[in-house]
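Asker: Sharing data_12.cif (mmCIF, C-alpha atoms and all ligand atoms) below.
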data_structure
#
loop_
_atom_site.label_atom_id
_atom_site.label_comp_id
_atom_site.auth_asym_id
_atom_site.auth_seq_id
_atom_site.Cartn_x
_atom_site.Cartn_y
_atom_site.Cartn_z
CA MET D 1 126.93 122.19 104.34
CA THR D 2 124.17 124.51 103.25
CA SER D 3 122.74 123.86 99.82
CA LYS D 4 122.67 127.04 97.72
CA ILE D 5 121.68 125.65 94.35
CA LYS D 6 119.69 122.48 93.86
CA ILE D 7 118.72 121.17 90.45
CA GLN D 8 116.44 118.15 90.23
CA ASN D 9 115.63 116.17 87.07
CA LEU D 10 116.10 119.23 84.88
CA THR D 11 115.11 118.54 81.30
CA LYS D 12 114.83 121.08 78.51
CA TYR D 13 114.15 120.28 74.87
CA TYR D 14 113.91 122.80 72.04
CA GLY D 15 111.24 121.00 70.03
CA LYS D 16 112.96 117.72 69.28
CA GLN D 17 116.43 119.10 69.95
CA ARG D 18 117.77 118.06 73.34
CA GLY D 19 119.19 120.91 75.42
CA ILE D 20 119.71 119.15 78.77
CA GLU D 21 118.27 115.91 80.13
CA ASN D 22 117.59 114.75 83.66
CA LEU D 23 120.24 116.92 85.32
CA ASN D 24 120.67 116.54 89.08
CA LEU D 25 123.15 118.75 90.86
CA GLU D 26 123.65 120.37 94.23
CA ILE D 27 126.03 123.26 94.94
CA TYR D 28 126.93 124.23 98.49
CA SER D 29 127.45 127.56 100.18
CA GLY D 30 130.91 129.05 99.56
CA GLU D 31 131.78 126.76 96.66
CA ILE D 32 133.20 127.67 93.28
CA PHE D 33 131.67 125.14 90.91
CA GLY D 34 132.91 124.83 87.34
CA PHE D 35 130.49 123.62 84.69
CA LEU D 36 132.52 122.14 81.84
CA GLY D 37 131.64 120.64 78.52
CA PRO D 38 132.18 120.91 74.79
CA ASN D 39 130.14 123.17 72.49
CA GLY D 40 126.48 122.28 72.50
CA ALA D 41 126.73 120.17 75.68
CA GLY D 42 123.88 121.99 77.44
CA LYS D 43 125.65 124.48 79.72
CA THR D 44 123.85 127.63 78.57
CA THR D 45 120.52 125.79 78.49
CA THR D 46 121.00 124.82 82.15
CA ILE D 47 122.06 128.33 83.14
CA ARG D 48 119.14 129.95 81.32
CA CYS D 49 116.75 127.61 83.14
CA MET D 50 118.41 128.58 86.43
CA MET D 51 117.86 132.24 85.57
CA ASN D 52 114.21 131.64 84.70
CA ILE D 53 114.80 132.76 81.11
CA LEU D 54 113.88 129.33 79.74
CA LEU D 55 111.01 127.24 81.01
CA PRO D 56 112.11 123.62 81.49
CA ASN D 57 110.01 120.72 80.22
CA MET D 58 110.60 118.98 83.50
CA GLY D 59 112.44 119.38 86.76
CA GLU D 60 112.88 121.87 89.55
CA ILE D 61 115.53 124.39 90.58
CA TRP D 62 116.05 126.02 93.97
CA ILE D 63 118.47 128.88 94.46
CA ASN D 64 119.09 130.46 97.87
CA GLY D 65 116.23 128.40 99.26
CA GLY D 66 113.68 129.76 96.78
CA LYS D 67 112.13 127.77 93.98
CA ILE D 68 112.63 129.17 90.49
CA THR D 69 109.20 129.72 88.98
CA ARG D 70 107.56 132.32 86.79
CA ARG D 71 105.71 133.53 89.89
CA ASN D 72 108.87 134.08 91.88
CA PRO D 73 110.88 136.67 89.88
CA LYS D 74 112.39 138.30 93.00
CA ILE D 75 114.84 135.39 93.40
CA ARG D 76 116.79 136.72 90.43
CA GLU D 77 117.58 139.93 92.30
CA LYS D 78 119.77 138.05 94.77
CA ILE D 79 121.76 136.45 91.98
CA GLY D 80 124.59 137.96 89.95
CA TYR D 81 124.33 136.79 86.35
CA ILE D 82 126.57 137.11 83.33
CA ALA D 83 124.89 135.90 80.15
CA GLU D 84 126.82 134.11 77.41
CA ALA D 85 128.02 136.80 74.98
CA GLY D 86 125.56 139.13 76.65
CA VAL D 87 124.05 141.81 74.45
CA LEU D 88 124.25 145.26 76.00
CA PRO D 89 122.34 148.37 74.84
CA GLU D 90 124.90 150.06 72.59
CA THR D 91 123.42 153.57 72.81
CA TYR D 92 123.50 153.67 76.62
CA THR D 93 126.53 154.94 78.48
CA THR D 94 127.91 152.53 81.11
CA ASN D 95 126.45 154.77 83.82
CA ASP D 96 123.01 154.77 82.18
CA PHE D 97 123.08 151.00 81.85
CA LEU D 98 124.17 150.40 85.45
CA ASN D 99 121.43 152.83 86.60
CA TYR D 100 118.93 150.86 84.57
CA VAL D 101 120.08 147.52 86.05
CA GLU D 102 119.91 149.07 89.52
CA SER D 103 116.36 150.31 88.90
CA MET D 104 115.27 146.78 87.98
CA ARG D 105 116.40 145.47 91.37
CA SER D 106 115.02 146.33 94.77
CA THR D 107 118.49 145.85 96.27
CA PRO D 108 121.14 148.63 96.38
CA SER D 109 124.57 148.34 94.68
CA PRO D 110 127.11 148.83 97.47
CA ARG D 111 130.03 147.70 95.32
CA ARG D 112 129.31 149.72 92.18
CA ASP D 113 131.90 152.49 92.64
CA GLU D 114 134.57 150.13 93.98
CA LEU D 115 134.21 147.81 90.99
CA ILE D 116 134.18 150.63 88.42
CA LYS D 117 137.46 151.80 89.94
CA ARG D 118 138.93 148.31 90.18
CA PHE D 119 138.24 147.65 86.49
CA SER D 120 139.06 151.25 85.36
CA LEU D 121 135.76 151.29 83.50
CA PRO D 122 134.99 154.39 81.41
CA VAL D 123 131.48 155.22 82.63
CA LYS D 124 130.57 158.14 80.41
CA LYS D 125 131.28 156.49 77.05
CA LYS D 126 128.52 154.85 75.05
CA ILE D 127 128.68 151.06 75.39
CA GLY D 128 128.75 150.74 71.59
CA GLU D 129 132.09 152.58 71.58
CA LEU D 130 133.75 150.28 74.11
CA SER D 131 136.19 147.50 73.27
CA LYS D 132 135.04 143.89 73.69
CA GLY D 133 136.99 143.59 76.96
CA ASN D 134 135.46 146.77 78.35
CA LYS D 135 131.98 145.59 77.37
CA GLN D 136 132.60 142.38 79.31
CA LYS D 137 133.73 144.51 82.26
CA VAL D 138 130.36 146.28 82.16
CA SER D 139 128.62 142.89 82.42
CA ILE D 140 130.93 141.88 85.26
CA VAL D 141 130.27 145.07 87.25
CA ALA D 142 126.50 144.69 86.69
CA ALA D 143 126.66 141.11 87.97
CA PHE D 144 128.75 141.82 91.07
CA MET D 145 127.72 145.35 92.13
CA HIS D 146 124.77 144.35 94.37
CA ASP D 147 127.06 141.90 96.20
CA PRO D 148 124.80 138.88 95.57
CA ASP D 149 125.07 135.64 97.55
CA VAL D 150 125.03 133.54 94.40
CA LEU D 151 126.80 134.24 91.12
CA ILE D 152 125.90 132.40 87.94
CA LEU D 153 128.35 133.16 85.16
CA ASP D 154 128.17 131.77 81.63
CA GLU D 155 131.74 131.74 80.28
CA PRO D 156 132.69 134.96 82.07
CA THR D 157 136.26 135.01 80.73
CA SER D 158 135.59 134.05 77.13
CA GLY D 159 137.31 136.42 74.71
CA LEU D 160 139.23 138.28 77.43
CA ASP D 161 142.98 138.90 77.35
CA PRO D 162 145.05 137.10 80.03
CA LEU D 163 145.25 140.18 82.23
CA LEU D 164 141.51 140.70 82.28
CA GLN D 165 140.96 136.96 82.74
CA GLN D 166 143.16 137.12 85.81
CA GLU D 167 141.21 140.11 87.14
CA THR D 168 138.00 138.14 86.71
CA TYR D 169 139.42 135.09 88.54
CA ASP D 170 140.57 137.36 91.34
CA LEU D 171 137.07 138.79 91.60
CA ILE D 172 135.57 135.28 91.71
CA LEU D 173 138.07 134.10 94.36
CA ASP D 174 137.46 137.28 96.31
CA ALA D 175 133.69 136.59 96.18
CA LYS D 176 134.34 133.09 97.54
CA SER D 177 136.39 134.51 100.41
CA ARG D 178 133.37 136.70 101.22
CA GLY D 179 131.27 133.55 101.56
CA LYS D 180 129.57 133.74 98.14
CA THR D 181 128.67 130.75 95.98
CA ILE D 182 129.79 130.78 92.36
CA PHE D 183 128.60 128.58 89.50
CA PHE D 184 130.35 129.21 86.22
CA SER D 185 130.67 127.56 82.84
CA SER D 186 133.91 127.40 80.92
CA HIS D 187 135.91 125.63 78.24
CA ASN D 188 139.20 126.44 79.88
CA LEU D 189 140.40 123.41 81.88
CA ALA D 190 143.41 125.15 83.39
CA GLU D 191 141.39 128.06 84.77
CA VAL D 192 138.76 125.75 86.16
CA GLN D 193 141.38 123.60 87.85
CA ARG D 194 143.01 126.63 89.39
CA ILE D 195 139.98 128.30 90.92
CA CYS D 196 137.21 125.71 91.34
CA ASP D 197 136.45 123.46 94.29
CA ARG D 198 134.43 121.02 92.18
CA VAL D 199 133.61 120.57 88.54
CA GLY D 200 130.71 119.00 86.71
CA ILE D 201 131.21 117.71 83.19
CA VAL D 202 128.34 117.71 80.70
CA ARG D 203 128.24 116.12 77.30
CA ASP D 204 125.36 115.64 74.87
CA GLY D 205 122.88 117.02 77.36
CA HIS D 206 123.95 114.75 80.24
CA LEU D 207 125.98 115.30 83.37
CA ILE D 208 128.62 112.60 83.09
CA SER D 209 130.91 113.32 86.02
CA VAL D 210 131.29 115.47 89.11
CA LEU D 211 134.82 115.77 90.41
CA ASP D 212 136.39 117.26 93.49
CA ILE D 213 139.54 119.13 92.36
CA GLU D 214 141.40 118.21 95.55
CA SER D 215 141.05 114.54 94.76
CA LEU D 216 142.25 114.96 91.18
CA ASN D 217 145.66 113.48 91.99
CA LYS D 218 143.99 110.31 93.23
CA GLU D 219 141.80 109.94 90.16
CA VAL D 220 144.35 110.30 87.40
CA SER D 221 147.25 108.14 86.29
CA ARG D 222 150.36 110.29 85.97
CA ILE D 223 153.69 110.00 84.23
CA LEU D 224 156.93 110.16 86.15
CA GLU D 225 160.04 111.20 84.24
CA VAL D 226 163.43 110.22 85.57
CA THR D 227 166.92 111.17 84.35
CA LEU D 228 169.67 108.63 85.15
CA ARG D 229 173.39 108.86 84.54
CA ASN D 230 173.67 105.20 83.54
CA PRO D 231 170.22 103.71 83.02
CA ASN D 232 170.18 100.07 84.08
CA LYS D 233 167.62 98.58 81.74
CA GLN D 234 167.31 95.41 83.78
CA GLU D 235 166.54 97.32 86.97
CA LEU D 236 164.05 99.49 85.10
CA GLN D 237 162.19 96.36 83.96
CA LYS D 238 160.96 96.12 87.58
CA PHE D 239 158.32 98.64 86.51
CA GLY D 240 156.89 96.05 84.10
CA ASP D 241 154.26 97.41 81.69
CA ASN D 242 154.37 100.76 83.47
CA LEU D 243 157.77 101.47 81.93
CA LEU D 244 156.59 103.41 78.91
CA GLU D 245 159.92 104.26 77.25
CA ILE D 246 163.63 104.66 77.75
CA GLU D 247 165.27 107.31 75.63
CA GLU D 248 169.00 107.84 76.12
CA ASN D 249 169.34 108.58 79.85
CA ARG D 250 165.65 109.32 80.46
CA ALA D 251 162.80 106.97 81.34
CA ARG D 252 159.06 107.62 81.39
CA ILE D 253 157.06 105.57 83.86
CA LEU D 254 153.30 105.42 84.27
CA VAL D 255 152.02 105.70 87.84
CA PRO D 256 148.44 104.38 87.86
CA GLN D 257 145.94 106.24 90.03
CA SER D 258 145.70 103.28 92.42
CA ASP D 259 149.46 103.30 93.18
CA SER D 260 151.34 105.46 95.65
CA ILE D 261 154.52 107.15 94.44
CA GLU D 262 156.60 105.62 97.28
CA LYS D 263 156.76 102.22 95.64
CA TYR D 264 158.29 103.80 92.54
CA LEU D 265 160.78 105.89 94.47
CA GLU D 266 162.00 102.80 96.36
CA ILE D 267 163.10 101.31 93.05
CA LEU D 268 164.45 104.57 91.62
CA ILE D 269 166.42 106.03 94.52
CA PRO D 270 169.11 103.24 94.58
CA MET D 271 169.75 104.09 90.90
CA LYS D 272 170.89 107.55 92.07
CA PRO D 273 168.74 109.53 89.65
CA GLU D 274 169.88 112.99 88.55
CA GLU D 275 166.34 114.31 88.31
CA ILE D 276 162.81 113.09 88.95
CA VAL D 277 159.86 115.02 87.54
CA PHE D 278 156.39 114.09 88.75
CA PRO D 279 153.92 116.74 87.62
CA PRO D 280 150.61 117.18 89.46
CA ALA D 281 147.57 115.78 87.71
CA SER D 282 145.80 118.18 85.41
CA LEU D 283 142.15 118.30 84.49
CA GLU D 284 143.35 117.72 80.97
CA ASP D 285 144.88 114.37 82.02
CA TYR D 286 141.61 113.56 83.75
CA PHE D 287 139.62 114.32 80.61
CA LEU D 288 141.90 112.22 78.42
CA GLN D 289 141.81 109.29 80.80
CA PHE D 290 138.07 109.66 81.35
CA TYR D 291 137.22 109.64 77.68
CA ARG D 292 139.63 106.79 76.99
CA GLN D 293 137.94 104.67 79.65
CA GLN D 294 134.54 105.55 78.21
CA GLU D 295 135.63 104.46 74.77
CA GLU D 296 136.95 101.21 76.18
CA GLY D 297 133.57 100.68 77.78
CA ALA D 298 134.94 100.83 81.32
CA ILE D 299 132.42 103.51 82.32
N1 LIG D 301 117.28 128.34 70.90
C1 LIG D 301 117.60 127.10 70.56
N2 LIG D 301 116.88 126.40 69.65
C2 LIG D 301 117.17 125.13 69.31
N3 LIG D 301 118.20 124.44 69.81
C3 LIG D 301 118.98 125.08 70.72
C4 LIG D 301 118.74 126.43 71.14
N4 LIG D 301 119.67 126.77 72.03
C5 LIG D 301 120.47 125.71 72.18
N5 LIG D 301 120.08 124.69 71.39
C6 LIG D 301 120.69 123.35 71.29
O1 LIG D 301 120.74 122.77 72.58
C7 LIG D 301 121.96 122.07 72.78
C8 LIG D 301 122.68 122.64 73.97
O2 LIG D 301 123.07 123.97 73.67
P1 LIG D 301 123.74 124.96 74.74
O3 LIG D 301 123.73 126.32 74.16
O4 LIG D 301 123.06 124.78 76.04
O5 LIG D 301 125.22 124.37 74.81
P2 LIG D 301 126.53 124.94 75.55
O6 LIG D 301 127.05 123.83 76.38
O7 LIG D 301 126.21 126.22 76.23
O8 LIG D 301 127.51 125.16 74.32
P3 LIG D 301 128.67 126.29 74.10
O9 LIG D 301 129.87 125.78 74.82
O10 LIG D 301 128.84 126.30 72.63
O11 LIG D 301 128.16 127.59 74.63
C9 LIG D 301 122.73 122.20 71.47
O12 LIG D 301 122.51 121.06 70.70
C10 LIG D 301 122.11 123.43 70.82
O13 LIG D 301 122.21 123.35 69.42
MG MG D 302 126.96 128.11 76.06
#
Before we go any further, please render this structure as structure tokens.
Ligand SMILES: Nc1ncnc2c1ncn2[C@@H]1O[C@H](COP(=O)(O)OP(=O)(O)OP(=O)(O)O)[C@@H](O)[C@H]1O
Ligand SMILES: [Mg+2]

Answerer:
Amino acid sequence: MTSKIKIQNLTKYYGKQRGIENLNLEIYSGEIFGFLGPNGAGKTTTIRCMMNILLPNMGEIWINGGKITRRNPKIREKIGYIAEAGVLPETYTTNDFLNYVESMRSTPSPRRDELIKRFSLPVKKKIGELSKGNKQKVSIVAAFMHDPDVLILDEPTSGLDPLLQQETYDLILDAKSRGKTIFFSSHNLAEVQRICDRVGIVRDGHLISVLDIESLNKEVSRILEVTLRNPNKQELQKFGDNLLEIEENRARILVPQSDSIEKYLEILIPMKPEEIVFPPASLEDYFLQFYRQQEEGAI
């Protein structure tokens, strides 16, 4: 696995205010990595250090094999970046702005026309006259048009309607299928679960967990719901403390992460259930369980 982004001991304080502390993270070629965390967790601080906009107090960052330093500004050209609530020049037309971005890079923009078409972007209007969604599209096209190997996106779908969100996910997934590496921050657990390979969770300036989405089902306790014609309470007691409730002809049973579902089905099948619902684990379940364990001092 080729390392595309490597962050070592990254620490950034704003005076006494902690932005991010001692962050270590490695992202590999072709990955979509989701960077999750509540408001003020340190996501934008990390991303702005990656983009060489903020100078860290400590630590080192490598992207595409190059070290991020003030003396190495060319590295940015190979990255596609969407800033958090990016401010665009309102008096420029989209065309003028994209020309300007192009002139700042030494690389061409082979995807510019294709993306403008794909997002039906009005290019001759002044940016100040565009809707919020269209403004975000301008940022998206600017970030993707030079077909960079690495994309660093700070909440790229924030404030977008579901249709435009979906278009953005498609673009990210499409970039992955072209071998690109994508690092993006988000608050939206469902979107992250759907498109990411791994997620990192930050809170209060610290990376507290890195999780592989594929292994989510193994990490989270889930709830099985069974409908029975004639619930036999005595039989159901075989589930012990994992039997959470019986309500009329329905029972809810906790399946801890360490257990396989087979054991539960062996007890249930002889009861001739009418329906068994066993939803896949969600990142939301993971979060709830994770924070519960933290509060109980288990982590
Ligand atoms: N320019 C600044 N001056 C002082 N403190 C700052 C500055 N920018 C960020 N901070 C502080 O650093 C911490 C991390 O902020 P950051 O913007 O990185 O969080 P975030 O995870 O991106 O949050 P959000 O989800 O709200 O975008 C917060 O406590 C924030 O108040
Ligand atoms: Mg932010």

Asker: Which is closest to ligand LIG 301 (chain D) among D:Tyr28, D:Phe184, D:Tyr291, D:Tyr169, if we use all atoms listed in the file?

Answerer: D:Phe184

Asker: So that I can see what lies close to Glu274 of chain D, please list as a PyMOL selection string the residues with an atom at most 9 Å from it, counting all atoms listed in the file and leaving out residues fewer than 5 positions away in the same chain.

Answerer: chain D and resi 226-229

Asker: Based on the selection just made, write C-alpha atoms of those residues as a PDB file, keeping the file's coordinate frame.

Answerer:
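The result, written out as again30.pdb:
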ATOM      1  CA  VAL D 226     163.430 110.220  85.570  1.00  0.00           C
ATOM      2  CA  THR D 227     166.920 111.170  84.350  1.00  0.00           C
ATOM      3  CA  LEU D 228     169.670 108.630  85.150  1.00  0.00           C
ATOM      4  CA  ARG D 229     173.390 108.860  84.540  1.00  0.00           C
TER       5      ARG D 229
END

Asker: Pick out the residues no farther than 10 Å from ligand LIG 301 (chain D), counting all atoms listed in the file, and list them as a PyMOL selection string.

Answerer: chain D and resi 12-20+35-49+54+84-85+154-155+185-187+202-205

Asker: Hey, can you spit out that residue selection with C-alpha atoms as an mmCIF file, keeping the file's coordinate frame?

Answerer:
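Wrote it out as selection_34.cif, contents follow:
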data_model
loop_
_atom_site.group_PDB
_atom_site.id
_atom_site.type_symbol
_atom_site.label_atom_id
_atom_site.label_comp_id
_atom_site.auth_asym_id
_atom_site.auth_seq_id
_atom_site.Cartn_x
_atom_site.Cartn_y
_atom_site.Cartn_z
ATOM 1 C CA LYS D 12 114.830 121.080 78.510
ATOM 2 C CA TYR D 13 114.150 120.280 74.870
ATOM 3 C CA TYR D 14 113.910 122.800 72.040
ATOM 4 C CA GLY D 15 111.240 121.000 70.030
ATOM 5 C CA LYS D 16 112.960 117.720 69.280
ATOM 6 C CA GLN D 17 116.430 119.100 69.950
ATOM 7 C CA ARG D 18 117.770 118.060 73.340
ATOM 8 C CA GLY D 19 119.190 120.910 75.420
ATOM 9 C CA ILE D 20 119.710 119.150 78.770
ATOM 10 C CA PHE D 35 130.490 123.620 84.690
ATOM 11 C CA LEU D 36 132.520 122.140 81.840
ATOM 12 C CA GLY D 37 131.640 120.640 78.520
ATOM 13 C CA PRO D 38 132.180 120.910 74.790
ATOM 14 C CA ASN D 39 130.140 123.170 72.490
ATOM 15 C CA GLY D 40 126.480 122.280 72.500
ATOM 16 C CA ALA D 41 126.730 120.170 75.680
ATOM 17 C CA GLY D 42 123.880 121.990 77.440
ATOM 18 C CA LYS D 43 125.650 124.480 79.720
ATOM 19 C CA THR D 44 123.850 127.630 78.570
ATOM 20 C CA THR D 45 120.520 125.790 78.490
ATOM 21 C CA THR D 46 121.000 124.820 82.150
ATOM 22 C CA ILE D 47 122.060 128.330 83.140
ATOM 23 C CA ARG D 48 119.140 129.950 81.320
ATOM 24 C CA CYS D 49 116.750 127.610 83.140
ATOM 25 C CA LEU D 54 113.880 129.330 79.740
ATOM 26 C CA GLU D 84 126.820 134.110 77.410
ATOM 27 C CA ALA D 85 128.020 136.800 74.980
ATOM 28 C CA ASP D 154 128.170 131.770 81.630
ATOM 29 C CA GLU D 155 131.740 131.740 80.280
ATOM 30 C CA SER D 185 130.670 127.560 82.840
ATOM 31 C CA SER D 186 133.910 127.400 80.920
ATOM 32 C CA HIS D 187 135.910 125.630 78.240
ATOM 33 C CA VAL D 202 128.340 117.710 80.700
ATOM 34 C CA ARG D 203 128.240 116.120 77.300
ATOM 35 C CA ASP D 204 125.360 115.640 74.870
ATOM 36 C CA GLY D 205 122.880 117.020 77.360
#

Asker: Would you mind telling me which residue in D:Lys272, D:Ile213, D:Phe290, D:Glu219 lies nearest to Pro231 of chain D when using all atoms listed in the file?

Answerer: D:Lys272

Asker: So what do you get for atom CA of Val150 of chain D versus atom CA of Asn188 of chain D, distance-wise?

Answerer: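 Pair atom CA of Val150 of chain D / atom CA of Asn188 of chain D returns 21.5 Å.
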
Asker: D:Leu288, D:Ile75, D:Asn64, D:Ser158: which is nearest ligand MG 302 (chain D), counting all atoms listed in the file?

Answerer: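 Smallest separation from ligand MG 302 (chain D) among the options: D:Ser158.
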
Asker: With all atoms listed in the file as the basis for distance, which of D:Leu216, D:Ile63, D:Leu130, D:Leu153 is at the shortest distance from ligand MG 302 (chain D)?

Answerer: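 Looking only at the distances to ligand MG 302 (chain D), the closest residue turns out to be D:Leu153.
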
Asker: Identify which of the residues D:Arg76, D:Lys124, D:Pro156, D:Gln234 lies closest to ligand MG 302 (chain D), counting only C-alpha atoms and all ligand atoms when measuring atom-to-atom distances.

Answerer: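 Ranked by minimum distance to ligand MG 302 (chain D), first place goes to D:Pro156.
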
Asker: To one decimal place, how far is atom CA of Ile53 of chain D from atom CA of Lys78 of chain D in Å?

Answerer: 15.5 Å

Asker: Give the answer as one residue: which of D:Pro122, D:Gly66, D:Leu254, D:Ile82 has the shortest atom-to-atom distance to ligand MG 302 (chain D), using all atoms listed in the file?

Answerer: D:Ile82

Asker: Please measure the separation of atom CA of Leu207 of chain D and atom CA of Gly59 of chain D, giving the value in Å to one decimal.

Answerer: 14.5 Å

Asker: Contacts of Met271 of chain D at 10 Å or less, counting only C-alpha atoms, minus same-chain residues fewer than 2 places along, as a list in words?

Answerer: Leu228, Arg229, Asn230, Pro231, Asn232, Glu235, Leu236, Leu265, Glu266, Ile267, Leu268, Ile269, Pro273 and Glu274 of chain D

Asker: Print the selection's residues with C-alpha atoms to a file, as a compact mmCIF listing (two decimals), in the frame of the given file.

Answerer:
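Resulting contents of again-v4.txt:
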# COMPACT_ATOMS: atom_id res chain seq x y z
CA LEU D 228 169.67 108.63 85.15
CA ARG D 229 173.39 108.86 84.54
CA ASN D 230 173.67 105.20 83.54
CA PRO D 231 170.22 103.71 83.02
CA ASN D 232 170.18 100.07 84.08
CA GLU D 235 166.54 97.32 86.97
CA LEU D 236 164.05 99.49 85.10
CA LEU D 265 160.78 105.89 94.47
CA GLU D 266 162.00 102.80 96.36
CA ILE D 267 163.10 101.31 93.05
CA LEU D 268 164.45 104.57 91.62
CA ILE D 269 166.42 106.03 94.52
CA PRO D 273 168.74 109.53 89.65
CA GLU D 274 169.88 112.99 88.55

Asker: Near Tyr81 of chain D, within 9 Å and counting only C-alpha atoms, which residues show up once chain neighbours fewer than 2 positions away are dropped, as a ChimeraX atom specification?

Answerer: /D:51,76,79,83,139-140,142-144,150-154

Asker: Could those selected residues go to a file with C-alpha atoms, as a short mmCIF file (atom, residue, chain, number, x, y, z; two decimals), keeping the file's coordinate frame?

Answerer:
data_model
loop_
_atom_site.label_atom_id
_atom_site.label_comp_id
_atom_site.auth_asym_id
_atom_site.auth_seq_id
_atom_site.Cartn_x
_atom_site.Cartn_y
_atom_site.Cartn_z
CA MET D 51 117.86 132.24 85.57
CA ARG D 76 116.79 136.72 90.43
CA ILE D 79 121.76 136.45 91.98
CA ALA D 83 124.89 135.90 80.15
CA SER D 139 128.62 142.89 82.42
CA ILE D 140 130.93 141.88 85.26
CA ALA D 142 126.50 144.69 86.69
CA ALA D 143 126.66 141.11 87.97
CA PHE D 144 128.75 141.82 91.07
CA VAL D 150 125.03 133.54 94.40
CA LEU D 151 126.80 134.24 91.12
CA ILE D 152 125.90 132.40 87.94
CA LEU D 153 128.35 133.16 85.16
CA ASP D 154 128.17 131.77 81.63
#

Asker: Determine, counting all atoms listed in the file, which protein, DNA and RNA residues have an atom within 10 Å of an atom of segment 177-181 of chain D; residues of the same chain fewer than 4 positions away are not included. Present the result as a VMD selection string.

Answerer: chain D and resid 3 to 5 27 to 33 64 79 147 to 152 171 to 173

Asker: What's the 12 Å shell around Ser131 of chain D, counting all atoms listed in the file, without same-chain residues fewer than 6 positions away, as a ChimeraX atom specification?

Answerer: /D:90,121-122,125,137-138,159-161
